[in-house]
file start15.cif (mmCIF, C-alpha atoms and all ligand atoms)
data_run
#
loop_
_atom_site.label_atom_id
_atom_site.label_comp_id
_atom_site.auth_asym_id
_atom_site.auth_seq_id
_atom_site.Cartn_x
_atom_site.Cartn_y
_atom_site.Cartn_z
CA MET W 1 46.25 19.31 43.42
CA LEU W 2 44.64 19.55 40.06
CA ARG W 3 45.09 16.59 37.82
CA LYS W 4 43.89 15.77 34.36
CA LEU W 5 42.44 19.16 33.71
CA THR W 6 40.68 19.57 30.43
CA LEU W 7 42.38 21.90 28.00
CA ALA W 8 39.69 24.51 28.49
CA ALA W 9 40.29 24.31 32.19
CA LEU W 10 44.00 24.57 31.56
CA ILE W 11 43.62 27.84 29.74
CA ALA W 12 41.14 29.22 32.22
CA HIS W 13 43.40 28.16 35.01
CA ALA W 14 46.51 29.56 33.41
CA CYS W 15 44.89 32.87 32.63
CA PHE W 16 42.75 33.61 35.57
CA SER W 17 43.33 31.40 38.54
CA LEU W 18 46.15 32.96 40.44
CA ALA W 19 44.95 31.46 43.67
CA ASN W 20 45.38 27.98 42.34
CA ALA W 21 48.69 28.58 40.62
CA ALA W 22 51.19 25.79 40.68
CA GLU W 23 52.16 24.64 44.09
CA LYS W 24 55.69 24.15 42.93
CA ASP W 25 56.15 27.66 41.63
CA THR W 26 53.63 30.30 42.51
CA THR W 27 55.58 32.95 40.62
CA HIS W 28 54.59 31.30 37.37
CA PRO W 29 50.85 31.38 37.01
CA PHE W 30 51.05 31.71 33.24
CA ASP W 31 53.46 30.28 30.76
CA ARG W 32 55.84 28.71 33.14
CA ASN W 33 53.27 26.80 35.11
CA THR W 34 55.03 23.73 36.35
CA GLU W 35 51.91 22.08 37.62
CA ASP W 36 50.88 18.85 36.02
CA LEU W 37 48.36 20.49 33.74
CA THR W 38 48.18 17.79 31.15
CA ALA W 39 47.57 14.11 31.36
CA GLY W 40 49.64 11.90 33.57
CA ARG W 41 52.56 12.48 35.83
CA GLY W 42 56.05 13.51 34.96
CA GLU W 43 55.14 15.91 32.19
CA PRO W 44 57.81 18.46 31.32
CA PRO W 45 56.37 21.91 32.01
CA MET W 46 54.67 23.74 29.16
CA LEU W 47 56.79 26.87 29.07
CA GLY W 48 56.24 29.89 26.93
CA LEU W 49 52.79 29.22 25.60
CA HIS W 50 52.33 31.43 22.60
CA TRP W 51 48.79 32.59 23.15
CA THR W 52 46.34 33.09 20.36
CA ARG W 53 45.55 36.61 19.32
CA GLU W 54 42.29 36.43 21.22
CA LEU W 55 43.83 35.29 24.48
CA ALA W 56 47.01 37.32 24.23
CA GLY W 57 45.06 40.45 25.09
CA SER W 58 43.73 39.11 28.34
CA HIS W 59 47.12 37.62 29.07
CA ASN W 60 49.33 40.60 28.37
CA ALA W 61 47.01 43.45 29.24
CA ARG W 62 46.58 42.38 32.81
CA PRO W 63 47.08 45.33 35.11
CA SER W 64 50.57 44.84 36.40
CA SER W 65 51.63 46.09 39.76
CA GLY W 66 55.18 47.26 39.83
CA SER W 67 57.93 47.07 37.27
CA PRO W 68 57.39 45.54 33.84
CA LEU W 69 61.03 44.49 33.76
CA MET W 70 61.98 40.85 33.57
CA THR W 71 64.17 39.65 36.40
CA PHE W 72 66.71 36.86 36.67
CA HIS W 73 65.64 33.69 38.44
CA GLY W 74 68.94 31.93 38.88
CA GLY W 75 68.99 29.45 36.01
CA LYS W 76 70.76 28.80 32.75
CA ILE W 77 70.30 30.53 29.43
CA MET W 78 71.23 29.18 25.99
CA PRO W 79 74.66 30.56 25.01
CA THR W 80 73.90 29.24 21.54
CA ALA W 81 71.17 27.16 19.99
CA VAL W 82 71.80 24.12 17.82
CA THR W 83 68.48 23.98 16.05
CA GLN W 84 66.75 21.26 14.10
CA THR W 85 63.21 21.00 12.80
CA ILE W 86 60.96 17.94 12.84
CA PHE W 87 57.91 17.83 10.60
CA TRP W 88 55.58 15.32 12.16
CA GLY W 89 52.44 13.87 10.64
CA PRO W 90 51.38 12.11 7.43
CA SER W 91 50.37 15.37 5.72
CA TRP W 92 54.00 16.46 5.44
CA ALA W 93 54.49 13.82 2.75
CA SER W 94 52.06 15.77 0.59
CA THR W 95 53.70 18.47 -1.47
CA SER W 96 50.45 20.41 -1.58
CA PHE W 97 50.27 20.47 2.22
CA ALA W 98 53.96 21.13 2.75
CA GLY W 99 53.93 23.89 0.16
CA ASP W 100 56.59 26.43 1.09
CA LYS W 101 56.54 25.60 4.80
CA ILE W 102 59.49 23.20 5.04
CA THR W 103 61.77 25.13 2.71
CA GLY W 104 60.66 28.38 4.31
CA LEU W 105 61.40 27.29 7.85
CA ASP W 106 64.74 25.89 6.70
CA SER W 107 65.47 29.40 5.48
CA TRP W 108 64.17 31.01 8.68
CA TYR W 109 66.42 28.96 10.96
CA GLY W 110 69.34 29.27 8.59
CA GLY W 111 69.01 33.04 8.63
CA HIS W 112 68.53 33.38 12.36
CA SER W 113 72.18 33.21 13.31
CA ASN W 114 73.67 36.63 13.99
CA SER W 115 70.56 38.37 12.71
CA ASN W 116 69.35 41.50 14.41
CA TYR W 117 66.39 39.42 15.46
CA ALA W 118 68.76 37.04 17.29
CA HIS W 119 70.40 40.07 18.86
CA THR W 120 67.09 41.04 20.49
CA THR W 121 67.80 38.42 23.16
CA ASP W 122 71.55 38.74 23.69
CA GLU W 123 71.39 41.11 26.66
CA TYR W 124 70.39 38.25 28.96
CA THR W 125 72.84 36.29 31.06
CA GLY W 126 72.55 33.17 33.17
CA THR W 127 74.65 30.89 35.31
CA ASN W 128 76.32 29.53 32.18
CA GLY W 129 77.14 32.78 30.40
CA SER W 130 75.29 35.07 28.01
CA VAL W 131 72.81 34.46 25.26
CA GLY W 132 74.82 34.72 22.06
CA ALA W 133 73.47 35.76 18.69
CA ALA W 134 75.17 32.89 16.87
CA THR W 135 73.03 29.81 16.33
CA SER W 136 73.34 26.88 13.99
CA TYR W 137 70.78 24.91 12.01
CA LEU W 138 71.06 21.20 11.34
CA GLY W 139 68.20 21.02 8.86
CA HIS W 140 64.92 19.16 9.00
CA LEU W 141 63.66 15.67 9.67
CA ILE W 142 60.31 14.30 8.49
CA ASP W 143 58.27 11.75 10.43
CA PRO W 144 55.14 10.70 8.54
CA SER W 145 53.63 8.85 11.47
CA THR W 146 50.51 10.25 13.11
CA ALA W 147 51.36 13.30 15.18
CA SER W 148 50.32 14.08 18.71
CA ASP W 149 48.10 17.07 19.36
CA GLY W 150 50.57 18.65 21.78
CA LYS W 151 48.40 18.39 24.88
CA SER W 152 51.02 16.06 26.33
CA THR W 153 54.42 17.69 26.42
CA SER W 154 55.89 14.25 27.10
CA ALA W 155 54.60 13.01 23.75
CA ILE W 156 56.45 15.83 22.00
CA LEU W 157 59.60 15.12 23.97
CA ALA W 158 59.31 11.44 23.04
CA GLU W 159 59.09 12.41 19.38
CA VAL W 160 62.22 14.51 19.71
CA CYS W 161 64.08 11.65 21.39
CA LYS W 162 62.88 9.24 18.68
CA MET W 163 63.97 11.44 15.79
CA VAL W 164 67.14 13.03 17.13
CA LYS W 165 69.66 10.26 17.53
CA SER W 166 72.46 12.43 18.85
CA PRO W 167 71.20 15.40 20.82
CA ASP W 168 73.63 18.26 21.24
CA PRO W 169 75.86 17.04 24.09
CA SER W 170 76.30 20.54 25.49
CA GLY W 171 72.56 20.81 26.12
CA ASN W 172 72.03 23.56 23.57
CA GLY W 173 69.93 21.46 21.24
CA TYR W 174 66.61 23.09 20.30
CA TYR W 175 64.22 20.81 18.46
CA ALA W 176 61.13 22.36 16.92
CA VAL W 177 58.27 19.97 16.18
CA TYR W 178 55.86 21.16 13.49
CA THR W 179 52.75 19.00 13.37
CA ASP W 180 49.92 18.74 10.87
CA VAL W 181 47.37 18.90 13.70
CA LYS W 182 44.90 21.77 13.68
CA ARG W 183 44.57 23.86 16.81
CA GLY W 184 40.89 23.23 17.41
CA GLY W 185 39.84 24.73 20.72
CA ALA W 186 43.34 25.14 22.11
CA GLY W 187 44.00 28.69 23.30
CA TYR W 188 47.62 28.72 22.19
CA CYS W 189 49.49 28.47 18.90
CA ALA W 190 52.72 26.88 20.12
CA TYR W 191 54.84 26.36 23.19
CA HIS W 192 58.36 25.51 24.24
CA SER W 193 59.48 23.13 26.94
CA ALA W 194 62.51 21.14 28.04
CA GLY W 195 63.48 17.60 28.93
CA THR W 196 66.22 15.08 28.39
CA CYS W 197 66.99 12.56 25.65
CA GLY W 198 69.47 9.85 26.54
CA GLY W 199 70.62 11.88 29.50
CA TYR W 200 71.24 15.06 27.50
CA PRO W 201 69.17 18.16 28.24
CA VAL W 202 67.11 19.22 25.24
CA GLN W 203 64.93 22.18 24.46
CA PHE W 204 61.92 21.54 22.29
CA ALA W 205 58.90 23.33 20.91
CA PHE W 206 55.51 22.29 19.60
CA PHE W 207 53.58 23.93 16.77
CA PHE W 208 50.07 23.37 15.48
CA ASN W 209 49.28 23.49 11.78
CA LEU W 210 48.28 27.13 11.45
CA ASP W 211 46.96 27.02 7.88
CA GLY W 212 43.85 29.18 7.76
CA ASP W 213 43.93 29.76 11.51
CA SER W 214 42.97 33.38 12.06
CA GLY W 215 43.66 33.17 15.79
CA CYS W 216 47.38 32.61 15.18
CA ASP W 217 47.85 34.66 12.02
CA PRO W 218 50.19 37.68 11.93
CA ALA W 219 48.38 38.88 8.79
CA ASP W 220 51.52 39.12 6.71
CA THR W 221 50.50 40.76 3.46
CA LEU W 222 53.95 41.88 2.34
CA SER W 223 56.19 38.83 2.09
CA LYS W 224 55.70 36.23 -0.58
CA HIS W 225 55.20 33.47 1.96
CA SER W 226 52.05 31.42 2.19
CA GLN W 227 49.77 32.31 5.11
CA GLY W 228 50.58 29.03 6.86
CA LEU W 229 54.32 29.57 6.62
CA ALA W 230 54.07 33.20 7.72
CA ALA W 231 52.07 32.14 10.77
CA LEU W 232 54.57 29.44 11.71
CA ALA W 233 57.51 31.80 11.27
CA ASN W 234 56.00 34.34 13.63
CA VAL W 235 55.53 31.85 16.46
CA THR W 236 58.87 30.23 15.61
CA GLY W 237 60.65 33.44 16.53
CA HIS W 238 58.67 33.78 19.71
CA GLU W 239 59.44 30.28 20.98
CA LEU W 240 63.11 30.29 20.06
CA GLU W 241 63.83 33.61 21.76
CA GLU W 242 61.98 32.50 24.87
CA ALA W 243 63.90 29.26 25.01
CA ARG W 244 67.19 31.11 24.65
CA SER W 245 66.44 33.50 27.52
CA ASP W 246 64.49 31.14 29.77
CA PRO W 247 65.16 27.55 28.79
CA ALA W 248 64.28 25.45 31.78
CA SER W 249 63.70 25.09 35.48
CA PRO W 250 64.56 26.96 37.66
CA GLY W 251 64.24 29.56 34.93
CA ALA W 252 66.21 32.57 33.91
CA TRP W 253 64.36 35.65 32.64
CA TYR W 254 60.68 36.46 33.05
CA ASP W 255 58.59 39.13 34.70
CA ALA W 256 56.48 39.20 37.85
CA SER W 257 53.54 37.64 36.03
CA GLY W 258 55.64 34.86 34.51
CA ALA W 259 55.79 36.41 31.04
CA GLU W 260 58.94 35.69 29.02
CA ASN W 261 60.52 38.02 26.48
CA GLY W 262 58.28 36.83 23.68
CA ASP W 263 55.10 37.03 25.71
CA LYS W 264 55.68 40.63 26.71
CA CYS W 265 55.59 41.73 23.08
CA ALA W 266 53.11 39.16 21.80
CA TRP W 267 51.13 40.20 18.71
CA THR W 268 52.86 43.56 18.41
CA PHE W 269 55.07 44.26 15.42
CA GLY W 270 57.73 46.93 15.28
CA ALA W 271 58.41 46.65 11.57
CA PRO W 272 56.47 45.53 8.49
CA LEU W 273 59.10 42.87 7.78
CA VAL W 274 62.27 41.74 9.55
CA THR W 275 65.26 40.73 7.43
CA LEU W 276 67.35 37.81 8.71
CA SER W 277 71.04 37.32 8.08
CA ASN W 278 70.46 35.32 4.89
CA GLY W 279 68.26 38.04 3.44
CA SER W 280 64.97 36.25 4.01
CA GLN W 281 62.16 38.50 5.20
CA TRP W 282 59.41 37.78 7.69
CA LYS W 283 56.68 39.44 9.69
CA LEU W 284 57.79 38.72 13.25
CA GLN W 285 56.43 39.97 16.50
CA GLY W 286 59.01 41.66 18.69
CA GLU W 287 60.91 40.59 21.78
CA TRP W 288 61.11 42.36 25.11
CA SER W 289 64.31 44.13 26.10
CA ASN W 290 64.85 45.43 29.61
CA ALA W 291 67.57 47.68 28.22
CA ALA W 292 65.28 49.17 25.59
CA TYR W 293 62.56 49.76 28.15
CA ASN W 294 64.97 51.50 30.51
CA ALA W 295 66.28 53.65 27.68
CA GLY W 296 62.82 54.33 26.29
CA THR W 297 63.95 53.17 22.87
CA GLY W 298 61.69 50.19 22.31
CA TYR W 299 58.35 50.19 20.56
CA PRO W 300 55.29 49.75 22.80
CA ASN W 301 53.75 46.41 23.63
CA SER W 302 50.01 45.85 24.05
CA SER W 303 50.21 47.52 27.47
CA GLY W 304 51.98 50.57 26.05
CA GLN W 305 55.34 49.70 27.62
CA ARG W 306 58.16 50.74 25.32
CA GLY W 307 60.40 47.71 25.70
CA CYS W 308 59.92 45.79 22.47
CA LEU W 309 62.61 45.28 19.85
CA SER W 310 61.56 44.46 16.30
CA GLY W 311 64.84 42.80 15.33
CA LEU W 312 65.07 45.08 12.33
ZN ZN W 401 55.47 32.69 24.96
#
call {"tool": "encode", "arguments": {"input": "start15.cif", "output": "structure tokens"}}
result
Amino acid sequence: MLRKLTLAALIAHACFSLANAAEKDTTHPFDRNTEDLTAGRGEPPMLGLHWTRELAGSHNARPSSGSPLMTFHGGKIMPTAVTQTIFWGPSWASTSFAGDKITGLDSWYGGHSNSNYAHTTDEYTGTNGSVGAATSYLGHLIDPSTASDGKSTSAILAEVCKMVKSPDPSGNGYYAVYTDVKRGGAGYCAYHSAGTCGGYPVQFAFFFNLDGDSGCDPADTLSKHSQGLAALANVTGHELEEARSDPASPGAWYDASGAENGDKCAWTFGAPLVTLSNGSQWKLQGEWSNAAYNAGTGYPNSSGQRGCLSGL
């Protein structure tokens, strides 16, 4: 057993150490590692790490043996997502720090429902039905207390449980926690995970402050968004689509290397800008579609596999 790994060791382990992959789930050496990689016991697993641009190459370009298709692993999907954002950290009280990020992400989530981008994930089914393109957005909450750095998934879950008084009782709540903490040496930009608040299953995601962070920057030069907002929006799409298609243990859709639909198209863009259902436009990396790969209609990912949908 490996306990209390340093973050550097976590990344090295997650990327390269197949032999020591989680005892509980050896099919998930990467994003879905259920091993206790962070501090303490009882951590919810860190699913769907959105790798930095630097690490995404080594992650996604691994020589894969066999089919690139994602397969079903017997679990639930999210038939819908009841989304809410939480802006955590004292900096969010500053209008100069917040800039266009809060209003912009409000617009992003508001425009997600029934967008073509939401439709990129609706081919996937689970024990509780199909992923639907309709989602709803409950708006944002602001917590000016000092934010956690995300290394402990339990700390992020605790923040969600503190801020969300009435989690969606159907278990389709998705709570995205945007912190003011810089990434530092972490090899990922964001992640999603799952837990419970007051007995209700919840999905949640963690995001670093990506202002000026070239390792997590989609280099959006076309929209009018600030760089920090554009960077958050790109990883926001990635985490939400992964949560919808693979929300929690025992897992629903991922490939033989543990990559979820966002991971398989990480840092590849099928269109200059994607337009959501409210007309807002964003530079968003694509999402993997088994159907598009089989039909040869997707755009290629970083391994040249034509299974990515832009959501255009
Ligand atoms: Zn991911």
call {"tool": "closest_atom_pairs", "arguments": {"input": "start15.cif", "of": "chain W", "to": "ligand ZN 401 (chain W)", "cutoff": "10 Å", "atoms": "all atoms listed in the file", "output": "JSON lines"}}
result
{"residue": "W:Phe30", "atom": "CA", "partner": "W:ZN401", "partner_atom": "ZN", "distance": 9.4}
{"residue": "W:Asp31", "atom": "CA", "partner": "W:ZN401", "partner_atom": "ZN", "distance": 6.6}
{"residue": "W:Arg32", "atom": "CA", "partner": "W:ZN401", "partner_atom": "ZN", "distance": 9.1}
{"residue": "W:Met46", "atom": "CA", "partner": "W:ZN401", "partner_atom": "ZN", "distance": 9.9}
{"residue": "W:Leu47", "atom": "CA", "partner": "W:ZN401", "partner_atom": "ZN", "distance": 7.2}
{"residue": "W:Gly48", "atom": "CA", "partner": "W:ZN401", "partner_atom": "ZN", "distance": 3.5}
{"residue": "W:Leu49", "atom": "CA", "partner": "W:ZN401", "partner_atom": "ZN", "distance": 4.4}
{"residue": "W:His50", "atom": "CA", "partner": "W:ZN401", "partner_atom": "ZN", "distance": 4.1}
{"residue": "W:Trp51", "atom": "CA", "partner": "W:ZN401", "partner_atom": "ZN", "distance": 6.9}
{"residue": "W:Ala56", "atom": "CA", "partner": "W:ZN401", "partner_atom": "ZN", "distance": 9.7}
{"residue": "W:Tyr188", "atom": "CA", "partner": "W:ZN401", "partner_atom": "ZN", "distance": 9.2}
{"residue": "W:Cys189", "atom": "CA", "partner": "W:ZN401", "partner_atom": "ZN", "distance": 9.5}
{"residue": "W:Ala190", "atom": "CA", "partner": "W:ZN401", "partner_atom": "ZN", "distance": 8.0}
{"residue": "W:Tyr191", "atom": "CA", "partner": "W:ZN401", "partner_atom": "ZN", "distance": 6.6}
{"residue": "W:His192", "atom": "CA", "partner": "W:ZN401", "partner_atom": "ZN", "distance": 7.8}
{"residue": "W:Val235", "atom": "CA", "partner": "W:ZN401", "partner_atom": "ZN", "distance": 8.5}
{"residue": "W:Gly237", "atom": "CA", "partner": "W:ZN401", "partner_atom": "ZN", "distance": 9.9}
{"residue": "W:His238", "atom": "CA", "partner": "W:ZN401", "partner_atom": "ZN", "distance": 6.2}
{"residue": "W:Glu239", "atom": "CA", "partner": "W:ZN401", "partner_atom": "ZN", "distance": 6.1}
{"residue": "W:Leu240", "atom": "CA", "partner": "W:ZN401", "partner_atom": "ZN", "distance": 9.4}
{"residue": "W:Glu241", "atom": "CA", "partner": "W:ZN401", "partner_atom": "ZN", "distance": 9.0}
{"residue": "W:Glu242", "atom": "CA", "partner": "W:ZN401", "partner_atom": "ZN", "distance": 6.5}
{"residue": "W:Ala243", "atom": "CA", "partner": "W:ZN401", "partner_atom": "ZN", "distance": 9.1}
{"residue": "W:Gly258", "atom": "CA", "partner": "W:ZN401", "partner_atom": "ZN", "distance": 9.8}
{"residue": "W:Ala259", "atom": "CA", "partner": "W:ZN401", "partner_atom": "ZN", "distance": 7.1}
{"residue": "W:Glu260", "atom": "CA", "partner": "W:ZN401", "partner_atom": "ZN", "distance": 6.1}
{"residue": "W:Asn261", "atom": "CA", "partner": "W:ZN401", "partner_atom": "ZN", "distance": 7.5}
{"residue": "W:Gly262", "atom": "CA", "partner": "W:ZN401", "partner_atom": "ZN", "distance": 5.2}
{"residue": "W:Asp263", "atom": "CA", "partner": "W:ZN401", "partner_atom": "ZN", "distance": 4.4}
{"residue": "W:Lys264", "atom": "CA", "partner": "W:ZN401", "partner_atom": "ZN", "distance": 8.1}
{"residue": "W:Cys265", "atom": "CA", "partner": "W:ZN401", "partner_atom": "ZN", "distance": 9.2}
{"residue": "W:Ala266", "atom": "CA", "partner": "W:ZN401", "partner_atom": "ZN", "distance": 7.6}
call {"tool": "residues_around", "arguments": {"input": "start15.cif", "residues": "region 95-103 of chain W", "least_positions_apart": "2", "cutoff": "8 Å", "atoms": "only C-alpha atoms", "output": "list in words"}}
result
Phe87, Ser91, Trp92, Ala93, Leu105, Asp106, Ser107, His140, His225, Ser226, Gly228 and Leu229 of chain W
call {"tool": "write_last_selection", "arguments": {"input": "start15.cif", "atoms": "C-alpha atoms", "output": "compact mmCIF listing (two decimals), in the frame of the given file"}}
result
# COMPACT_ATOMS: atom_id res chain seq x y z
CA PHE W 87 57.91 17.83 10.60
CA SER W 91 50.37 15.37 5.72
CA TRP W 92 54.00 16.46 5.44
CA ALA W 93 54.49 13.82 2.75
CA LEU W 105 61.40 27.29 7.85
CA ASP W 106 64.74 25.89 6.70
CA SER W 107 65.47 29.40 5.48
CA HIS W 140 64.92 19.16 9.00
CA HIS W 225 55.20 33.47 1.96
CA SER W 226 52.05 31.42 2.19
CA GLY W 228 50.58 29.03 6.86
CA LEU W 229 54.32 29.57 6.62
call {"tool": "axis_aligned_box", "arguments": {"input": "start15.cif", "around": "region 177-193 of chain W", "padding_each_side": "6 Å", "output": "lines of an AutoDock Vina configuration file"}}
result
center_x = 49.7
center_y = 23.7
center_z = 18.9
size_x = 31.6
size_y = 22.0
size_z = 28.1
call {"tool": "closest_atom_pairs", "arguments": {"input": "start15.cif", "of": "region 135-172 of chain W", "to": "region 109-122 of chain W", "cutoff": "10 Å", "atoms": "only C-alpha atoms", "output": "Markdown table"}}
result
| residue | atom | partner | partner_atom | distance |
| --- | --- | --- | --- | --- |
| W:Thr135 | CA | W:Ser113 | CA | 4.6 |
| W:Ser136 | CA | W:Ser113 | CA | 6.5 |
| W:Tyr137 | CA | W:Gly110 | CA | 5.7 |
| W:Leu138 | CA | W:Gly110 | CA | 8.7 |
| W:Gly139 | CA | W:Gly110 | CA | 8.3 |
call {"tool": "closest_residue", "arguments": {"input": "start15.cif", "among": "W:Arg53, W:Ser310, W:Pro90, W:Gly126", "to": "Ala219 (chain W)", "atoms": "only C-alpha atoms"}}
result
W:Arg53
call {"tool": "atom_distance", "arguments": {"input": "start15.cif", "atom1": "CA of Trp288 (chain W)", "atom2": "CA of Asp211 (chain W)"}}
result
27.1 Å
call {"tool": "atom_distance", "arguments": {"input": "start15.cif", "atom1": "CA of Gly132 (chain W)", "atom2": "CA of Thr80 (chain W)"}}
result
5.6 Å
call {"tool": "closest_residue", "arguments": {"input": "start15.cif", "among": "W:Glu123, W:Asp149, W:Asp246, W:Asp255", "to": "Gln203 (chain W)", "atoms": "only C-alpha atoms"}}
result
W:Asp246
call {"tool": "closest_residue", "arguments": {"input": "start15.cif", "among": "W:Ala233, W:Leu284, W:Val164, W:Leu210", "to": "Trp267 (chain W)", "atoms": "all atoms listed in the file"}}
result
W:Leu284
call {"tool": "closest_residue", "arguments": {"input": "start15.cif", "among": "W:Thr127, W:Thr236, W:Thr71, W:Thr268", "to": "Gly298 (chain W)", "atoms": "all atoms listed in the file"}}
result
W:Thr268
call {"tool": "residues_near_point", "arguments": {"input": "start15.cif", "point": "(60.1, 50.7, 19.4)", "cutoff": "12 Å", "atoms": "all atoms listed in the file", "output": "ChimeraX atom specification"}}
result
/W:120,265,268-271,285-289,291-293,295-301,304-312
call {"tool": "decode", "arguments": {"input": "start15.cif", "residues": "region 41-53 of chain W", "atoms": "N, CA and C atoms", "output": "short mmCIF file (atom, residue, chain, number, x, y, z; two decimals), in the first residue's frame"}}
result
data_model
loop_
_atom_site.label_atom_id
_atom_site.label_comp_id
_atom_site.auth_asym_id
_atom_site.auth_seq_id
_atom_site.Cartn_x
_atom_site.Cartn_y
_atom_site.Cartn_z
N ARG W 41 -7.19 8.68 5.18
CA ARG W 41 -8.02 7.59 4.69
C ARG W 41 -9.38 8.14 4.29
N GLY W 42 -10.08 7.36 3.55
CA GLY W 42 -11.47 7.70 3.24
C GLY W 42 -11.62 8.81 2.22
N GLU W 43 -10.58 9.08 1.46
CA GLU W 43 -10.70 10.10 0.42
C GLU W 43 -11.59 9.61 -0.71
N PRO W 44 -12.51 10.44 -1.19
CA PRO W 44 -13.17 10.06 -2.45
C PRO W 44 -12.11 10.00 -3.55
N PRO W 45 -12.29 9.11 -4.51
CA PRO W 45 -11.28 9.00 -5.57
C PRO W 45 -11.21 10.25 -6.42
N MET W 46 -10.03 10.56 -6.93
CA MET W 46 -9.81 11.71 -7.78
C MET W 46 -10.04 11.24 -9.21
N LEU W 47 -11.23 11.35 -9.68
CA LEU W 47 -11.57 10.89 -11.03
C LEU W 47 -11.25 11.97 -12.04
N GLY W 48 -11.02 11.56 -13.25
CA GLY W 48 -10.99 12.51 -14.36
C GLY W 48 -10.06 13.67 -14.17
N LEU W 49 -8.85 13.40 -13.74
CA LEU W 49 -7.87 14.47 -13.69
C LEU W 49 -7.73 15.08 -15.07
N HIS W 50 -7.85 16.38 -15.13
CA HIS W 50 -7.60 17.05 -16.39
C HIS W 50 -6.13 17.44 -16.39
N TRP W 51 -5.35 16.69 -17.14
CA TRP W 51 -3.90 16.88 -17.13
C TRP W 51 -3.52 18.22 -17.73
N THR W 52 -2.37 18.69 -17.32
CA THR W 52 -1.83 19.89 -17.96
C THR W 52 -1.44 19.55 -19.39
N ARG W 53 -1.22 20.60 -20.16
CA ARG W 53 -0.82 20.38 -21.55
C ARG W 53 0.45 19.56 -21.63
#
